[in-house]
Structures are given as structure tokens and as C-alpha cells.
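Shown next: work_6.txt, given as compact mmCIF, C-alpha atoms.
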# COMPACT_ATOMS: atom_id res chain seq x y z
CA MET A 9 81.56 60.04 165.13
CA GLU A 10 77.78 59.90 165.66
CA GLU A 11 77.42 63.40 164.29
CA LYS A 12 79.50 62.50 161.23
CA LYS A 13 77.32 59.47 160.51
CA SER A 14 74.15 61.45 160.80
CA TYR A 15 75.60 64.14 158.54
CA GLU A 16 76.27 61.45 155.96
CA ARG A 17 72.78 59.91 156.31
CA TYR A 18 70.92 63.18 155.81
CA HIS A 19 73.47 64.91 153.56
CA ARG A 20 71.26 65.06 150.44
CA GLN A 21 68.46 66.89 152.18
CA MET A 22 70.70 69.01 154.40
CA ILE A 23 72.29 70.60 151.33
CA LEU A 24 68.84 71.69 150.15
CA LYS A 25 68.34 75.43 150.02
CA GLY A 26 65.80 76.40 152.65
CA PHE A 27 66.13 73.12 154.58
CA GLY A 28 69.74 72.79 155.73
CA GLU A 29 71.06 71.78 159.12
CA ALA A 30 68.32 73.75 160.85
CA GLY A 31 65.62 71.75 159.05
CA GLN A 32 67.32 68.50 160.01
CA GLN A 33 67.46 69.55 163.64
CA LYS A 34 63.76 70.38 163.61
CA LEU A 35 62.99 66.89 162.28
CA ALA A 36 65.19 65.31 164.98
CA GLY A 37 63.27 67.22 167.64
CA ALA A 38 59.80 66.33 166.29
CA LYS A 39 57.35 63.73 167.56
CA VAL A 40 54.87 62.39 165.00
CA LEU A 41 52.08 59.88 165.64
CA VAL A 42 50.88 57.82 162.69
CA ILE A 43 47.47 56.23 163.32
CA GLY A 44 46.86 53.26 161.06
CA ALA A 45 49.87 51.26 159.83
CA GLY A 46 48.23 50.27 156.56
CA GLY A 47 48.24 51.56 152.99
CA LEU A 48 48.67 55.23 153.98
CA GLY A 49 50.53 54.80 157.27
CA CYS A 50 53.33 52.56 156.00
CA PRO A 51 54.70 54.84 153.26
CA ALA A 52 54.30 57.86 155.57
CA LEU A 53 56.24 56.03 158.29
CA LEU A 54 58.96 54.85 155.91
CA TYR A 55 59.79 58.33 154.68
CA LEU A 56 59.46 60.01 158.07
CA ALA A 57 61.79 57.44 159.63
CA ALA A 58 64.23 57.77 156.75
CA ALA A 59 64.12 61.57 156.98
CA GLY A 60 65.09 61.45 160.66
CA VAL A 61 61.93 62.42 162.58
CA GLY A 62 63.12 61.97 166.18
CA VAL A 63 60.15 60.11 167.66
CA LEU A 64 57.56 58.18 165.66
CA GLY A 65 54.48 56.60 167.23
CA VAL A 66 52.69 53.86 165.29
CA MET A 67 49.18 52.95 166.31
CA ASP A 68 47.28 49.98 164.85
CA ASP A 69 45.47 47.07 166.51
CA ASP A 70 45.31 45.00 163.34
CA VAL A 71 47.42 42.05 162.21
CA VAL A 72 48.94 41.62 158.75
CA ALA A 73 46.71 39.78 156.25
CA LEU A 74 47.45 38.52 152.75
CA HIS A 75 45.03 41.01 151.18
CA ASN A 76 47.03 43.87 152.76
CA LEU A 77 50.25 43.11 150.89
CA HIS A 78 49.24 44.60 147.52
CA ARG A 79 49.29 48.09 149.03
CA GLN A 80 51.36 47.64 152.20
CA PRO A 81 54.63 46.23 150.78
CA VAL A 82 56.58 46.98 153.94
CA TYR A 83 55.18 43.69 155.27
CA GLN A 84 56.47 40.27 154.21
CA MET A 85 54.74 36.92 153.80
CA GLU A 86 56.17 35.83 157.15
CA ASP A 87 54.46 38.80 158.86
CA ILE A 88 50.96 37.49 158.12
CA GLY A 89 49.03 37.11 161.37
CA LYS A 90 51.46 39.33 163.31
CA PRO A 91 50.63 42.80 164.75
CA LYS A 92 51.26 45.52 162.19
CA ALA A 93 52.46 48.12 164.70
CA GLN A 94 55.16 45.77 165.97
CA ARG A 95 56.30 44.53 162.55
CA VAL A 96 56.62 48.01 161.06
CA THR A 97 58.45 49.19 164.19
CA VAL A 98 61.10 46.49 163.71
CA PHE A 99 61.46 47.46 160.06
CA LEU A 100 61.78 51.19 160.81
CA GLN A 101 64.32 50.70 163.62
CA GLN A 102 66.49 48.66 161.28
CA LEU A 103 66.22 51.37 158.65
CA ASN A 104 67.12 54.11 161.11
CA PRO A 105 68.40 53.19 164.60
CA ASP A 106 68.99 56.87 165.43
CA ILE A 107 65.29 57.56 165.91
CA LEU A 108 62.81 56.16 168.43
CA VAL A 109 59.76 54.25 167.18
CA ILE A 110 56.98 53.49 169.67
CA PRO A 111 54.35 50.87 168.72
CA TYR A 112 50.80 51.02 170.09
CA THR A 113 48.91 47.80 169.41
CA GLU A 114 45.74 48.75 171.24
CA ARG A 115 42.55 49.83 169.49
CA LEU A 116 42.05 53.57 169.23
CA THR A 117 39.10 54.52 171.44
CA SER A 118 37.97 57.80 172.91
CA ALA A 119 38.97 56.47 176.34
CA ILE A 120 42.70 56.41 175.50
CA ALA A 121 43.06 58.73 172.48
CA LEU A 122 43.71 62.02 174.27
CA GLU A 123 46.45 60.62 176.46
CA ILE A 124 48.36 59.12 173.54
CA ILE A 125 47.84 61.97 171.06
CA ASN A 126 48.91 64.53 173.65
CA GLY A 127 52.43 63.08 173.65
CA PHE A 128 53.03 64.05 170.00
CA ASP A 129 53.40 67.29 167.99
CA ILE A 130 51.73 66.24 164.75
CA ILE A 131 49.20 63.48 164.04
CA ILE A 132 48.85 61.61 160.76
CA ASP A 133 45.50 59.97 160.02
CA GLY A 134 45.95 56.86 157.91
CA THR A 135 42.92 54.97 159.21
CA ASP A 136 40.37 53.14 157.08
CA ASN A 137 37.01 54.02 158.67
CA PHE A 138 34.90 57.05 159.53
CA SER A 139 34.57 56.43 163.26
CA SER A 140 38.37 56.65 163.67
CA ARG A 141 38.53 59.71 161.40
CA TYR A 142 35.97 61.66 163.44
CA LEU A 143 37.48 60.49 166.72
CA ILE A 144 41.00 61.59 165.69
CA ASN A 145 39.71 64.89 164.33
CA ASP A 146 37.80 65.77 167.50
CA ALA A 147 40.75 64.76 169.71
CA CYS A 148 43.12 66.94 167.66
CA VAL A 149 40.73 69.90 167.91
CA LEU A 150 40.47 69.48 171.70
CA LEU A 151 44.26 69.21 172.06
CA ASN A 152 45.04 71.75 169.32
CA LYS A 153 47.31 69.35 167.39
CA PRO A 154 47.95 69.67 163.65
CA LEU A 155 46.39 66.75 161.78
CA VAL A 156 47.69 65.55 158.42
CA SER A 157 44.74 63.67 156.98
CA GLY A 158 44.80 61.32 154.01
CA ALA A 159 42.11 59.05 152.56
CA VAL A 160 41.71 56.94 149.44
CA SER A 161 38.98 55.29 147.42
CA GLN A 162 39.33 53.36 144.17
CA TYR A 163 41.63 55.55 142.01
CA GLU A 164 41.43 58.80 144.00
CA GLY A 165 43.03 60.19 147.12
CA GLN A 166 42.29 63.15 149.42
CA LEU A 167 44.83 65.11 151.44
CA SER A 168 44.40 67.96 153.97
CA ILE A 169 46.02 69.57 156.99
CA PHE A 170 43.66 70.53 159.80
CA ASN A 171 44.18 72.51 163.04
CA ALA A 172 47.34 74.18 161.86
CA PRO A 173 48.05 77.90 161.69
CA ARG A 174 47.84 79.74 158.39
CA LYS A 175 48.31 83.49 158.17
CA GLY A 176 45.04 85.41 157.96
CA GLU A 177 42.83 82.31 158.21
CA GLU A 178 41.02 80.53 161.02
CA ALA A 179 42.14 76.91 161.39
CA VAL A 180 39.59 74.43 160.04
CA ASN A 181 39.08 70.75 160.78
CA TYR A 182 37.45 67.67 159.24
CA ARG A 183 34.02 68.75 160.54
CA ASP A 184 34.21 71.94 158.49
CA LEU A 185 34.56 69.77 155.43
CA PHE A 186 32.20 66.92 156.33
CA PRO A 187 30.28 67.94 159.50
CA GLU A 188 28.75 64.55 160.26
CA PRO A 189 29.72 60.98 159.52
CA PRO A 190 27.90 59.47 156.55
CA ALA A 191 25.03 57.13 157.30
CA ALA A 192 25.59 53.43 156.76
CA GLY A 193 25.85 52.72 153.04
CA GLU A 194 26.29 56.35 151.91
CA VAL A 195 30.01 55.91 151.25
CA LEU A 196 31.69 52.65 150.37
CA SER A 197 34.91 51.53 152.07
CA CYS A 198 37.94 50.18 150.18
CA ALA A 199 36.86 46.69 151.18
CA GLU A 200 33.62 47.31 149.29
CA ALA A 201 34.72 49.65 146.48
CA GLY A 202 38.33 48.56 145.97
CA VAL A 203 41.54 50.59 145.78
CA LEU A 204 44.49 50.62 143.39
CA GLY A 205 47.45 49.40 145.47
CA VAL A 206 49.87 52.16 144.54
CA LEU A 207 47.37 54.96 145.33
CA PRO A 208 47.71 54.93 149.14
CA GLY A 209 51.46 54.71 148.46
CA ILE A 210 51.23 58.07 146.67
CA ILE A 211 48.90 59.74 149.17
CA GLY A 212 50.73 58.35 152.23
CA THR A 213 54.02 59.60 150.81
CA MET A 214 52.43 63.01 150.28
CA GLN A 215 51.30 62.95 153.93
CA ALA A 216 54.96 62.43 154.88
CA ALA A 217 55.97 65.35 152.62
CA GLU A 218 53.33 67.63 154.16
CA THR A 219 54.45 66.63 157.66
CA ILE A 220 58.09 67.39 156.85
CA LYS A 221 57.07 70.77 155.39
CA LEU A 222 55.10 71.59 158.56
CA ILE A 223 57.99 70.63 160.83
CA ALA A 224 60.73 72.33 158.81
CA GLY A 225 58.57 75.37 158.05
CA ILE A 226 59.13 75.19 154.29
CA GLY A 227 56.86 75.61 151.28
CA GLN A 228 53.08 75.93 151.39
CA PRO A 229 51.62 72.99 153.31
CA LEU A 230 47.97 72.12 152.56
CA VAL A 231 46.65 73.89 155.66
CA ASN A 232 42.91 74.64 155.27
CA ARG A 233 43.03 73.09 151.79
CA LEU A 234 41.71 69.84 150.38
CA TYR A 235 43.79 68.31 147.61
CA ILE A 236 42.38 65.49 145.50
CA PHE A 237 44.50 63.37 143.21
CA ASN A 238 43.14 61.11 140.49
CA ALA A 239 45.62 58.39 139.54
CA LEU A 240 43.79 57.55 136.29
CA ASN A 241 44.19 60.93 134.60
CA ASN A 242 46.84 62.52 136.87
CA GLN A 243 44.49 65.42 137.55
CA GLY A 244 44.89 67.26 140.83
CA TYR A 245 42.17 69.47 142.33
CA GLU A 246 42.75 71.83 145.23
CA MET A 247 40.02 73.69 147.08
CA ILE A 248 39.83 76.09 150.01
CA ILE A 249 38.00 75.00 153.18
CA GLN A 250 36.37 77.73 155.26
CA LYS A 251 35.07 77.49 158.80
CA ARG A 252 31.55 76.06 158.65
CA LYS A 253 28.78 77.69 160.68
CA GLY A 254 27.98 75.59 163.73
CA SER A 255 30.72 73.01 163.12
CA GLY A 256 32.20 73.67 166.55
CA SER A 257 29.03 72.41 168.24
CA LEU A 258 29.59 68.95 166.76
CA ILE A 259 32.82 68.47 168.67
CA PRO A 260 32.64 67.34 172.32
CA SER A 261 33.00 70.43 174.49
CA SER A 262 35.45 68.90 176.98
CA ALA A 263 37.90 66.05 177.40
CA GLU A 264 35.39 64.39 179.71
CA THR A 265 32.57 64.47 177.15
CA PHE A 266 34.98 63.25 174.48
CA ARG A 267 35.98 60.23 176.58
CA GLN A 268 32.32 59.31 176.96
CA THR A 269 31.57 59.63 173.25
CA ASP A 270 31.18 56.32 171.48
CA TYR A 271 32.41 57.08 167.95
CA GLU A 272 31.78 53.61 166.61
CA TRP A 273 28.19 53.93 167.70
CA LEU A 274 27.83 57.40 166.19
CA CYS A 275 29.16 56.20 162.85
CA ASP A 276 27.13 53.03 162.74
CA HIS A 277 23.69 53.86 164.01
CA GLY A 278 22.12 50.65 162.75
CA ALA A 279 20.94 49.75 166.23
CA ASN A 280 19.90 53.21 167.27
CA PRO A 281 17.37 53.02 170.13
CA PHE A 282 15.91 56.46 169.29
CA ASP A 283 15.38 55.95 165.56
CA ILE A 284 11.85 55.99 164.20
CA SER A 285 10.87 55.52 160.58
CA VAL A 286 9.19 58.22 158.50
CA GLU A 287 5.94 56.24 158.69
CA ARG A 288 6.03 56.08 162.48
CA PHE A 289 7.09 59.74 162.62
CA ASP A 290 3.95 60.66 160.65
CA GLU A 291 1.78 58.62 163.01
CA CYS A 292 3.28 60.47 165.98
CA LEU A 293 2.58 63.80 164.26
CA LYS A 294 -1.05 62.78 163.68
CA SER A 295 -1.52 61.88 167.33
CA GLY A 296 -1.10 65.57 168.10
CA LYS A 297 0.79 64.76 171.30
CA ALA A 298 4.29 65.19 169.95
CA ARG A 299 6.60 68.13 170.37
CA VAL A 300 8.77 68.36 167.24
CA ILE A 301 12.20 70.04 167.28
CA ASP A 302 14.59 70.80 164.43
CA VAL A 303 18.14 70.66 165.86
CA ARG A 304 19.94 71.85 162.73
CA GLU A 305 21.79 75.16 162.80
CA TYR A 306 19.95 78.26 161.57
CA GLY A 307 19.88 78.69 157.81
CA GLU A 308 20.38 75.04 156.93
CA GLU A 309 18.46 73.83 153.88
CA PRO A 310 16.00 72.37 153.14
CA ALA A 311 13.34 73.95 155.35
CA ALA A 312 10.59 71.71 156.75
CA PRO A 313 7.23 73.45 156.08
CA GLU A 314 5.46 70.05 156.03
CA PHE A 315 4.79 70.05 159.78
CA ASP A 316 4.78 72.42 162.75
CA HIS A 317 7.99 72.38 164.74
CA GLU A 318 10.29 74.36 167.00
CA HIS A 319 13.85 75.20 166.01
CA ILE A 320 16.61 74.76 168.61
CA PRO A 321 20.06 74.16 167.07
CA LEU A 322 22.00 71.34 168.72
CA SER A 323 24.66 73.87 169.79
CA GLN A 324 22.03 75.72 171.87
CA LEU A 325 20.01 72.77 173.12
CA ARG A 326 21.72 72.62 176.50
CA THR A 327 20.95 76.26 177.26
CA ASN A 328 17.69 76.87 175.37
CA PHE A 329 15.72 73.66 175.79
CA LYS A 330 12.87 73.98 178.30
CA MET A 331 10.89 70.99 179.40
CA ASN A 332 7.11 71.24 178.95
CA GLY A 333 4.12 68.94 179.39
CA ALA A 334 4.47 67.04 176.11
CA ASP A 335 4.79 63.29 176.59
CA MET A 336 6.60 62.75 173.34
CA VAL A 337 9.56 64.62 171.81
CA LEU A 338 10.56 64.09 168.17
CA PHE A 339 13.95 65.44 167.14
CA PHE A 340 15.00 65.79 163.54
CA CYS A 341 18.02 67.14 161.64
CA GLN A 342 19.48 66.73 158.17
CA SER A 343 20.33 63.04 158.18
CA GLY A 344 19.50 61.75 161.65
CA ILE A 345 22.85 61.99 163.42
CA ARG A 346 22.49 65.25 165.33
CA SER A 347 18.90 64.40 166.24
CA THR A 348 20.21 61.15 167.72
CA GLN A 349 22.69 63.13 169.80
CA ALA A 350 19.86 65.41 170.90
CA ALA A 351 17.66 62.45 171.85
CA ARG A 352 20.49 60.87 173.78
CA TRP A 353 21.27 64.13 175.56
CA MET A 354 17.63 64.55 176.57
CA THR A 355 17.34 61.01 177.89
CA ASP A 356 20.62 61.39 179.79
CA THR A 357 19.50 64.71 181.25
CA TYR A 358 15.82 64.11 182.01
CA GLY A 359 15.67 60.34 182.35
CA ASN A 360 13.36 57.92 180.60
CA GLY A 361 10.05 59.49 181.66
CA LYS A 362 9.18 60.70 178.15
CA MET A 363 9.11 59.10 174.75
CA VAL A 364 12.08 60.57 172.89
CA TYR A 365 12.67 59.81 169.21
CA SER A 366 14.95 60.78 166.35
CA LEU A 367 13.74 60.83 162.74
CA GLN A 368 15.71 58.16 160.93
CA GLY A 369 17.58 59.56 157.91
CA GLY A 370 16.57 63.10 158.86
CA ILE A 371 14.52 65.58 156.88
CA LEU A 372 16.22 64.45 153.67
CA ASN A 373 14.83 60.97 154.13
CA TYR A 374 11.45 62.42 155.11
CA LYS A 375 11.19 64.44 151.91
CA LYS A 376 12.34 61.51 149.84
CA GLN A 377 9.64 59.25 151.28
CA HIS A 378 6.97 61.86 150.60
CA GLU A 379 7.93 62.59 147.01
CA MET B 165 23.66 79.87 132.24
CA ASN B 166 25.91 76.88 131.75
CA VAL B 167 28.08 75.50 134.49
CA LYS B 168 30.66 72.75 134.37
CA ILE B 169 30.55 70.14 137.12
CA ILE B 170 33.42 67.88 138.10
CA LEU B 171 32.53 64.71 139.98
CA PHE B 172 34.77 62.77 142.31
CA GLY B 173 34.76 59.27 143.73
CA GLN B 174 31.63 57.20 143.39
CA LEU B 175 29.64 60.22 142.16
CA SER B 176 31.36 59.81 138.80
CA ASP B 177 30.20 56.17 138.73
CA ILE B 178 26.62 57.35 139.27
CA ALA B 179 26.81 60.04 136.58
CA GLY B 180 28.72 57.79 134.20
CA GLY B 181 31.63 60.21 133.80
CA ASP B 182 33.86 62.56 135.77
CA SER B 183 32.40 65.78 134.39
CA LEU B 184 29.17 67.16 132.96
CA VAL B 185 27.63 70.47 131.92
CA LEU B 186 24.26 71.75 133.16
CA GLU B 187 22.41 74.43 131.23
CA ALA B 188 20.40 77.28 132.72
CA VAL B 189 20.98 76.63 136.39
CA THR B 190 20.70 79.58 138.76
CA ASP B 191 21.93 78.37 142.14
CA THR B 192 23.38 75.37 143.97
CA ASN B 193 19.99 74.25 145.33
CA GLU B 194 18.60 74.05 141.83
CA LEU B 195 21.76 72.34 140.68
CA GLN B 196 21.28 69.64 143.32
CA GLN B 197 17.62 69.16 142.43
CA ARG B 198 18.36 68.91 138.72
CA LEU B 199 21.15 66.41 139.29
CA LEU B 200 18.87 64.38 141.54
CA GLN B 201 16.23 64.23 138.80
CA GLN B 202 18.83 63.15 136.29
CA TYR B 203 20.63 60.72 138.62
CA PRO B 204 18.25 59.53 141.36
CA ALA B 205 21.02 57.37 142.88
CA LEU B 206 22.66 60.60 144.10
CA ALA B 207 20.03 60.73 146.85
CA ALA B 208 21.86 57.95 148.67
CA SER B 209 25.25 59.67 148.40
CA LYS B 210 26.90 62.12 150.74
CA TYR B 211 28.88 64.93 149.15
CA ILE B 212 29.93 68.55 149.50
CA ILE B 213 29.90 71.26 146.84
CA ALA B 214 32.72 73.59 145.84
CA VAL B 215 32.16 76.59 143.56
CA ASP B 216 35.32 77.89 141.92
CA LYS B 217 37.40 75.84 144.37
CA GLN B 218 35.71 77.25 147.49
CA LEU B 219 33.60 75.07 149.76
CA VAL B 220 30.00 76.37 149.83
CA GLN B 221 27.81 75.95 152.92
CA GLU B 222 24.47 77.34 151.85
CA ASN B 223 22.57 77.97 148.66
CA THR B 224 24.89 79.91 146.37
CA ARG B 225 24.01 81.83 143.21
CA LEU B 226 25.85 80.58 140.15
CA HIS B 227 27.36 82.58 137.32
CA GLU B 228 28.33 81.78 133.77
CA ASN B 229 31.46 79.62 133.62
CA ASN B 230 31.51 78.82 137.34
CA SER B 231 33.30 75.56 137.91
CA ILE B 232 31.52 73.28 140.34
CA ALA B 233 32.92 70.22 142.07
CA LEU B 234 30.99 67.56 143.97
CA LEU B 235 33.15 65.71 146.48
CA PRO B 236 32.25 62.70 148.60
CA PRO B 237 34.19 61.83 151.76
CA PHE B 238 36.64 58.94 151.49
CA SER B 239 37.35 56.65 154.41
CA GLY B 240 39.91 54.27 152.94
CA GLY B 241 43.48 53.95 154.14

Hey, can you dump this file as C-alpha cells for me?
Amino acid sequence: MEEKKSYERYHRQMILKGFGEAGQQKLAGAKVLVIGAGGLGCPALLYLAAAGVGVLGVMDDDVVALHNLHRQPVYQMEDIGKPKAQRVTVFLQQLNPDILVIPYTERLTSAIALEIINGFDIIIDGTDNFSSRYLINDACVLLNKPLVSGAVSQYEGQLSIFNAPRKGEEAVNYRDLFPEPPAAGEVLSCAEAGVLGVLPGIIGTMQAAETIKLIAGIGQPLVNRLYIFNALNNQGYEMIIQKRKGSGSLIPSSAETFRQTDYEWLCDHGANPFDISVERFDECLKSGKARVIDVREYGEEPAAPEFDHEHIPLSQLRTNFKMNGADMVLFFCQSGIRSTQAARWMTDTYGNGKMVYSLQGGILNYKKQHE
Amino acid sequence: MNVKIILFGQLSDIAGGDSLVLEAVTDTNELQQRLLQQYPALAASKYIIAVDKQLVQENTRLHENNSIALLPPFSGG
């Protein structure tokens, strides 16, 4: 009887050439974690639940707000103020009682991410901020989990699959595309820039489609590709992502280091204790007492002929950095994020005996100020 | 040589359109400098460059009719 009912429920996709009963069984055996039950997560969850994905995890620590409803129509007026993960779980279990939906209402942090993500086969990123995006990416790299990533802004959406096998290519991740989080103010969020309500509906539904393709082994999923959709002119743009030199060094080297990484801090370095302004940086140079180190990878542009410095890429700092008599160490990189990591590493390793600084905004900011 | 540039996200707001053509540009470094002169607000924007739908990581020589795309990261969900 149960089998007959499930045959009826999934009949229209089971008769598909290339999908069939085998595809349905693969979905039933799959475990998918959707992080963020908002504009992207809700449509992804709806279609994955409807399609019969056996176990769905939903992670979101937010509650439903009125300004969510224009793009998250799975929620009702009466849900306002209630936890999203719980409300969407109720909805999905009513839609399909044959699957298991697990809500996680806690905030995603590096302390708990690995444990939760490890229980699933495929991860869907539907979050709305960079700290979560880098955290999820790094966790998926460490655990070798395929990541179906979607993001929206205004009238455009981006879609990619990271950490998944593709014949003849090395798997890439978010850091191969965008190695470091943007500095505060470099990229506007939807709260600042706005978003057309139906757009995350389209991109989130495409994330569900890509996930189903990965699980069932059909079609050409967007592995190592970035697809961009513009809702205003219906133009799509697809590009190939290759492994970026040195990108691996940006990811914590072990589960232990990952757990200790504060992603919110990394992505919002407004109160960075190591930061010094370009002006102060110049004063330190003039004093003649500073040791200056470029921690970018070899070959990165632009070069910095303006002042004498050593070059030790962040990836080699642990092995190649030798302490000397200098009282002051100035790190710099492209935009100030890796140099902050270097400064923090040095303080953690050698204590607070020296003055350790990171050039705020990196060499790009330096050149801009000296134009 | 002339290259066509497609702009995504807020980069198209800065440039006032979603595509533009640059004349006599030899490589991606020069392309960035020229765009920065034309649109100084680009200095405060993060983006990556694709040439003929391939992500480029270092200065890349350009050829006639190359299609360039400038893509910012999106965080919204």
C-alpha cells in the first residue's frame, strides 16, 4: 500500500527517461542540508521535499518578519515572530509525510558547523551574508561535501556547485571564485540594495534542480561553473571557474583551526585590533624600525615598489617566518584580510612582545591614498 | 583593439549600463586602470574578471573581440 502511494506521488518524474525508479530511490536515500530558510532556502526546500529527498535538514536561527513575506511566501501572517526552521518544517511534513525534515534553530557558527554538516550528503547555501558563505564553504571543503551555492542581489542571481567531482577537472570552491570576503561596504546586502521578490524564488528553485541532478546523476550540473541570471533581460551567463593559485591556504588546515576561526570577525573587521591607517603605516616606515612583509601569494598584482619589504605568502608563513630583532612588524596584502590573519597568527605564536600591525585596506588602499 | 565588457550587479549601476566597449586595450591590468579612470567609484567595489567565460587570475593579454565580464560577489538570500 505504502509503495503504491509513493508510486502515485512520484509517478510523473518516475516515468521520465533517464530518471525512473532508480532516480527516485536515489532521492529517497539522500540527505540534504539547506542552510538559510529564507528567499533561496524556502523554494529549494519545497521542491526537494516534494520530489522525495529522504532526509532534509533546515538550518536558520531567524524568526519570520513581515518584510520576509514578499520573497518567502511559504510563511503566513500568523508565522510572524516564530522560528523559520520550525515553521517550514511543519509545512514540509504536511506536504510530504514520507520524508524526514530536521529543523536546526541554532545560529550557524564554526563551533557546531562541522558536526551538523557531516550528517548530510549535499549542502545548499541559501544564507544572506558573507560570513556564513565563507564558513559553509570552508566546512564543505574540509569535509569534502558538495555545496550547491546560490546568491541574489537586486535583479540578478548567481548559482554554482562547489566541491563536486567533474571528469577531467579539479574540484573548485567559493574561494577560487572570491578568495577573500569583501571589506565592509564593498558589496551591498539585499537589505541595503534591495531584491526583486521572485528572483530568489527562481534561483532557489534552480538550486533544488541542481541538487536533484547531482543526486540522480542526470544532466550537466553546474559543477565548477558560475551561472548568472538577470531577471530584467532574461540573459544567462555561464563561466568556468579554475583552481586559483594559493586559494587552499585561505581555508583552515584542520577541523580544530576551523572551529577556532571567527568568521563573523573575519568578514567584519571594523574593530580590527591590528589595523593601521595608511598615514600611520607611512610613519612606521619612516621610523626605520619596522619590518615589512607582503603576505600575498607570488605573482599577485599590483607589486609594491614604493617601500622595501620581504615577501612571505600567507600559505608559507608558518614554515618560512623567522623572528629577528625588529620591534615592529607590518603585514600587508591586497585588501587587508590576509595581513590581519598573519598579524593574528604572529601574536598568537610569539605573544604580545612586539608591535604587530596590518595595513588597513591593503596595498590597494595604500596606492589609492598616494595617487 | 576593441573589447566588449559585460557588467553585473552594482558594477552596472556605477557604469550606467550593463555593457560597454573599450578601445585599444592590451591586457586586463590596463583594462582595470582605464575603467577606474572612467568610473572612479569602481575602486570601492570588489569584482572578478572573466575573459571569454573563463575566470582570470593574473594579468591577461586581450585580443580583438574578446568578451570580458566583471562580476561582483552577491551575498543575498

Using only C-alpha atoms, which residues of chain A come within 6 Å of chain B, and what is the closest atom pair for each, with the distance in Å to one decimal? Give it as CSV, sorted by chain and residue number.
residue,atom,partner,partner_atom,distance
A:Gly47,CA,B:Gly241,CA,5.4
A:Leu48,CA,B:Gly241,CA,5.3
A:Gly134,CA,B:Gly241,CA,5.4
A:Thr135,CA,B:Gly241,CA,5.2
A:Asp136,CA,B:Gly240,CA,4.3
A:Asn137,CA,B:Ser239,CA,5.0
A:Phe138,CA,B:Ser239,CA,5.7
A:Ala159,CA,B:Gly240,CA,5.3
A:Val160,CA,B:Gly240,CA,4.8
A:Ser161,CA,B:Gly240,CA,5.7
A:Glu194,CA,B:Ser209,CA,4.9
A:Ser197,CA,B:Gly240,CA,5.8
A:Cys198,CA,B:Gly240,CA,5.3
A:Met247,CA,B:Lys217,CA,4.3
A:Ile248,CA,B:Gln218,CA,5.0
A:Ile249,CA,B:Leu219,CA,5.6

For a quick check of your reading of the model, name the residues lying within 12 Å of the coordinate (42.2, 60.4, 162.7), counting all atoms listed in the file, and write them as a PyMOL selection string. (chain A and resi 41-44+49+67-68+116-118+121-122+125+130-149+153-159+168-170+181-183+271) or (chain B and resi 239-241)

Neighbour list for Ser285 of chain A as JSON, numbers by chain, cut-off 6 Å, all atoms listed in the file, skip fewer than 2 positions in-chain: {"A": [287, 288, 368]}

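Minimum atom-to-atom distance to Met165 of chain B, evaluated using all atoms listed in the file, belongs to B:Glu228 out of B:Asp191, B:Glu228, B:Asp182, B:Asp177.
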
Distance atom CA of Val72 of chain A-atom CA of Val40 of chain A, one decimal place? 22.5 Å

Using only C-alpha atoms, pick whichever of A:Gln324, A:Asn373, A:Asn360, A:Gln215 has the shortest atom-to-atom distance to Ala312 of chain A. A:Asn373

A straight line from atom CA of Phe99 of chain A to atom CA of Leu54 of chain A spans 8.8 Å

Would you compute the distance between atom CA of Asp184 of chain A and atom CA of Val364 of chain A? Give it in Å to one decimal.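 Separation between atom CA of Asp184 of chain A and atom CA of Val364 of chain A: 28.7 Å.
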
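Comparing A:Ile120, A:Leu325, A:Ile210, A:Leu367 by their smallest distance to Gln342 of chain A, the closest is A:Leu367 (using all atoms listed in the file).
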
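Closest approach to Ile232 of chain B among B:Leu171, B:Ala179, B:Ala188, B:Leu199 is made by B:Leu171 (distances from all atoms listed in the file).
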
From A:Asp316, A:Leu196, A:Ala263, A:Tyr15, residue lying nearest Leu175 of chain B [only C-alpha atoms]: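 Of the candidates, the smallest distance to Leu175 of chain B is held by A:Leu196.
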
Who sits within 9 Å of Ala73 of chain A, only C-alpha atoms, same chain under 5 positions skipped, as a list in words: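 After dropping sequence-adjacent residues, the list is Met85, Asp87, Ile88, Gly89 and Lys90 of chain A.
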
If you keep C-alpha atoms, can you produce a file of those selected residues as a compact mmCIF listing (two decimals), keeping the file's coordinate frame?
# COMPACT_ATOMS: atom_id res chain seq x y z
CA MET A 85 54.74 36.92 153.80
CA ASP A 87 54.46 38.80 158.86
CA ILE A 88 50.96 37.49 158.12
CA GLY A 89 49.03 37.11 161.37
CA LYS A 90 51.46 39.33 163.31
